[in-house]
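Worksheet: one structure, shown below.
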Amino acid sequence: MNTYDLALVDFQNAQRCRRSAEEWLAAFEAALAAQDAGSIGALFHQDSHWRDILAFTWHLTPTAGRDGIAARFAQEQGRTGAQAFHLPGDRRPPREVTRFGIESIEAIFAFKTAEGRGAGVLRIAPDADGAMKAWHISTVLEALDGHEEKLGANRPTGAAYSRNFGGDNWADVRRKAVAYEDREPVVLVIGAAQAGLSTAARLNQQGIDTLVVEKWPRIGDSWRRRYHSLALHNAVQQNHLPYMEFPPTWPKYIPKDMLGNWFEFYADAMEINCWTDTEFVSGTWDAAAKCWSAVVRRGDGTERILRPRHLVFANGVSSYPMQPDIPGLEDFKGDVVHSEGFDSGTAWKGKRAFILGTGSSANDIALDLYSNGVNTTLIQRGPTTVISIDPSARLGELPWSEGGTLEDADILVAAATPPLTVKALKANAKRMYGFDKEMIDGLESIGFKHDYGVDETGHLMKYFRRGGGYNLDTGSSALMIKGEIGLLQYERIERFSAEGALLRDGSVVAADLVVLATGYFPQVELVRRALGQEMVDRIGPVWGIGPDGELGNMYKRTPQQGLWFIAGGLAQCRINSKYLALQIAAMELGKLGPL
């Protein structure tokens with residue numbers, strides 16, 4: 001075919017995809033308006049999936065199977081009033097794709113509800129008779145009517161301070177806003193890294209007065225204070241914060257200090273109220289007043305009791321460093337440091353180091369020590385999933401690497417239900433093994449214990465379930481295989497001694513430094529220390545996989561009114577901060593009650 005013919009075929013395919021999507025949406029809207037479960041079900045394959053994010057259920061709700069989906073849509077439509085389904089001109093047009101192994105027409109659509117504006121993802125494929133039916137749909141609440149984000153044409157006028165001769169200018173307004181001398185914040189956010197900043201930025205655009213407290217002296221210090229050589233392990237295109245994308249000149253893998261400085265700049269540019277050098281001490285729920293009594297301690301030792309209606313824990317998947325009971329470690333005469341406190345290996349040049357752990361932090365620290373002339377040995381306690389940064393880890397960059405807008409990529413990512421996520425992770429794990437087989441075979445040849453998770457879902461499901469257990473490899477594996485970085489299995493160690501590790505055969509492997517890359521307590525430990533065991537018992541697990549397959553108590557209302565959690569990488573926080581902020585806004589407007 002010549003160029004003209006190819007262009008004509010592309011145009012005809014695009015028109016066919018659009019027509020198929022529009023016809024399906026029109027039939028769906030008619031069936032939905034009739035609240036007819038039978039007619040709705042007739043539009044779906046038997047094996048189908050729906051993830052609703054606030055639009056129909058005011059929750060993060062996965063549903064599987066044609067009958068269950070049809071019944072839930074029919075049940076919720078009376079309250080939701082969904083209508084005006086269409087293909088918006090400012091979103092990625094319908095197209096042919098293969099998702100989760102299924103060749104489909106994929107379309108991003110928009111609609112209206114009784115409360116606001118929605119969007120979603122539709123994936124349709126022919127049944128045995130050639131009829132186009134949906135096997136996957138998502139519905140997402142994007143905005144509340146009358147309370148849309150202050151963006152673009154809806155941006156603030158600035159009239160309160162612009163050319164306000166003789167009155168407060170912008171800097172005066174900001175100083176007073178941050179001081180909280182005359183009011184209480186509606187929302188108190190704990191932590192000023194990607195989770196807290198994303199949440200505060202979203203809440204600001206909803207007009208919700210929000211204060212962030214950060215225990216370190218500067219915003220971004222939670223990244224700056226990590227080990228010297230750290231850079232993000234995933235690519236830049238998926239790691240933006242809301243409203244402000246990183247400059248196009250930035251490197252693919254962002255160094256930690258560069259990221260920390262951006263966080264500080266971002267907080268200022270997004271007018272986020274933040275108290276640095278301020279620690280959240282404790283909180284109790286005042287059931288009568290429907291607010292928290294939250295104690296924060298400033299850097300000068302003074303304390304203030306704040307009375308927010310909402311408390312958002314945004315301080316990461318993990319909380320306090322975990323130091324397991326290591327027999328004999330108290331007798332070791334060298335230096336012992338947790339990975340959280342490790343900076344650089346320069347001080348131990350020419351010496352010997354053990355690193356207890358084989359996850360990403362352990363391996364990055366091993367590379368740092370090795371590069372500084374330290375005789376370095378990793379001690380492995382359990383099986384670890386090892387993935388090459390490129391190409392294997394890049395499989396997780398879809399659809400951010402497909403082109404189009406960040407907003408489109410985010411809604412495609414958010415569409416997946418837990419069963420589809422598991423299916424995709426299993427498929428990716430198999431592909432990763434193919435890419436990394438030589439590396440993994442080499443590691444296993446030296447006795448390294450490798451796995452792809454209990455159900456072969458790979459490293460991401462390990463992250464969702466336990467927050468660790470994997471290594472995004474940046475070069476340490478090749479050095480282990482060559483013997484330039486040592487590997488010692490923990491079960492060979494009887495105990496630690498003054499000189500190092502006393503092995504079960506009676507020999508001693510000497511060391512001058514032990515780095516405990518042993519991870520962190522789960523976030524629920526922070527809740528226990530700050531809010532008490534009774535609160536932990538009330539709300540249940542935080543993070544980890546819940547009974548419905550979604551992350552436990554994350555990004556949504558919890559069993560405790562006014563208590564919220566957000567954590568994860570930059571993309572997770574960017575996407576889910578929007579949904580968390582919408583729920584808080586809806587509660588403040590009286591549209592949504594507690595669970």
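Naming scheme: A, B, ... for chains in displayed order of the structure tokens; residues 1 onward per chain; ligands 1 onward as shown.
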
So that each row is one residue of stretch 493-545 of chain A with an atom at most 8 Å from stretch 263-285 of chain A, can you give its shortest atom pair and the distance in Å to one decimal, using only C-alpha atoms, rows by chain and rising number, as a Markdown table?
```
| residue | atom | partner | partner_atom | distance |
| --- | --- | --- | --- | --- |
| A:Arg529 | CA | A:Ser282 | CA | 7.8 |
| A:Ala530 | CA | A:Ser282 | CA | 4.5 |
| A:Leu531 | CA | A:Gly283 | CA | 5.5 |
```

**Message:** Run DSSP on the backbone and tell me which residues of stretch 122-366 of chain A come out as alpha helix (DSSP H); list them as number ranges by chain.
**Reply:** A: 170-179, 194-205, 221-224, 256-269, 360-366

Would you put the residues from that selection into a file with C-alpha atoms, as a PDB file, in the first residue's frame?
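Final file, selection08.pdb:
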```pdb
ATOM      1  CA  TRP A 170       0.015  37.826  48.067  1.00  0.00           C
ATOM      2  CA  ALA A 171       2.967  37.247  50.425  1.00  0.00           C
ATOM      3  CA  ASP A 172       1.006  38.724  53.344  1.00  0.00           C
ATOM      4  CA  VAL A 173      -1.975  36.503  52.568  1.00  0.00           C
ATOM      5  CA  ARG A 174       0.256  33.419  52.416  1.00  0.00           C
ATOM      6  CA  ARG A 175       2.001  34.195  55.735  1.00  0.00           C
ATOM      7  CA  LYS A 176      -1.341  34.559  57.494  1.00  0.00           C
ATOM      8  CA  ALA A 177      -2.744  31.435  55.864  1.00  0.00           C
ATOM      9  CA  VAL A 178       0.199  29.297  56.996  1.00  0.00           C
ATOM     10  CA  ALA A 179       0.175  30.637  60.571  1.00  0.00           C
ATOM     11  CA  GLN A 194       4.564  12.795  47.400  1.00  0.00           C
ATOM     12  CA  ALA A 195       1.487  11.508  49.257  1.00  0.00           C
ATOM     13  CA  GLY A 196       0.992  14.539  51.491  1.00  0.00           C
ATOM     14  CA  LEU A 197       1.800  17.151  48.850  1.00  0.00           C
ATOM     15  CA  SER A 198      -0.464  15.535  46.252  1.00  0.00           C
ATOM     16  CA  THR A 199      -3.314  15.374  48.752  1.00  0.00           C
ATOM     17  CA  ALA A 200      -2.880  18.968  49.899  1.00  0.00           C
ATOM     18  CA  ALA A 201      -2.678  20.250  46.315  1.00  0.00           C
ATOM     19  CA  ARG A 202      -5.909  18.420  45.414  1.00  0.00           C
ATOM     20  CA  LEU A 203      -7.714  19.640  48.536  1.00  0.00           C
ATOM     21  CA  ASN A 204      -6.634  23.205  47.836  1.00  0.00           C
ATOM     22  CA  GLN A 205      -8.325  22.979  44.448  1.00  0.00           C
ATOM     23  CA  ASP A 221      14.126  16.110  53.457  1.00  0.00           C
ATOM     24  CA  SER A 222      12.444  12.702  53.612  1.00  0.00           C
ATOM     25  CA  TRP A 223      14.131  12.095  50.241  1.00  0.00           C
ATOM     26  CA  ARG A 224      17.284  14.171  50.728  1.00  0.00           C
ATOM     27  CA  LYS A 256      16.687  11.911  45.277  1.00  0.00           C
ATOM     28  CA  ASP A 257      18.011  15.450  45.956  1.00  0.00           C
ATOM     29  CA  MET A 258      16.577  16.721  42.693  1.00  0.00           C
ATOM     30  CA  LEU A 259      13.225  15.280  43.717  1.00  0.00           C
ATOM     31  CA  GLY A 260      13.460  16.723  47.230  1.00  0.00           C
ATOM     32  CA  ASN A 261      14.161  20.194  45.851  1.00  0.00           C
ATOM     33  CA  TRP A 262      11.196  19.866  43.463  1.00  0.00           C
ATOM     34  CA  PHE A 263       8.911  18.980  46.365  1.00  0.00           C
ATOM     35  CA  GLU A 264       9.948  22.158  48.162  1.00  0.00           C
ATOM     36  CA  PHE A 265       9.375  24.246  45.042  1.00  0.00           C
ATOM     37  CA  TYR A 266       6.072  22.483  44.342  1.00  0.00           C
ATOM     38  CA  ALA A 267       4.706  23.200  47.823  1.00  0.00           C
ATOM     39  CA  ASP A 268       5.447  26.889  47.382  1.00  0.00           C
ATOM     40  CA  ALA A 269       4.063  27.083  43.847  1.00  0.00           C
ATOM     41  CA  SER A 360      16.355  -2.741  46.421  1.00  0.00           C
ATOM     42  CA  SER A 361      17.751  -0.594  49.231  1.00  0.00           C
ATOM     43  CA  ALA A 362      20.160  -3.353  50.286  1.00  0.00           C
ATOM     44  CA  ASN A 363      21.471  -3.769  46.747  1.00  0.00           C
ATOM     45  CA  ASP A 364      21.796  -0.032  46.126  1.00  0.00           C
ATOM     46  CA  ILE A 365      23.724   0.324  49.385  1.00  0.00           C
ATOM     47  CA  ALA A 366      25.896  -2.641  48.382  1.00  0.00           C
TER      48      ALA A 366
END
```

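Using only C-alpha atoms, the nearest neighbour of A:Asn234 within the list A:Thr384, A:Thr474, A:Ser371, A:Ser319 is A:Thr474.
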
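Interatomic distance, atom CA of A:Thr139 to atom CA of A:His49: 11.4 Å.
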
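Proximity ranking of A:Gln46, A:Gln206, A:Asn239, A:Ser39 relative to A:Ala571 places A:Asn239 first, based on only C-alpha atoms.
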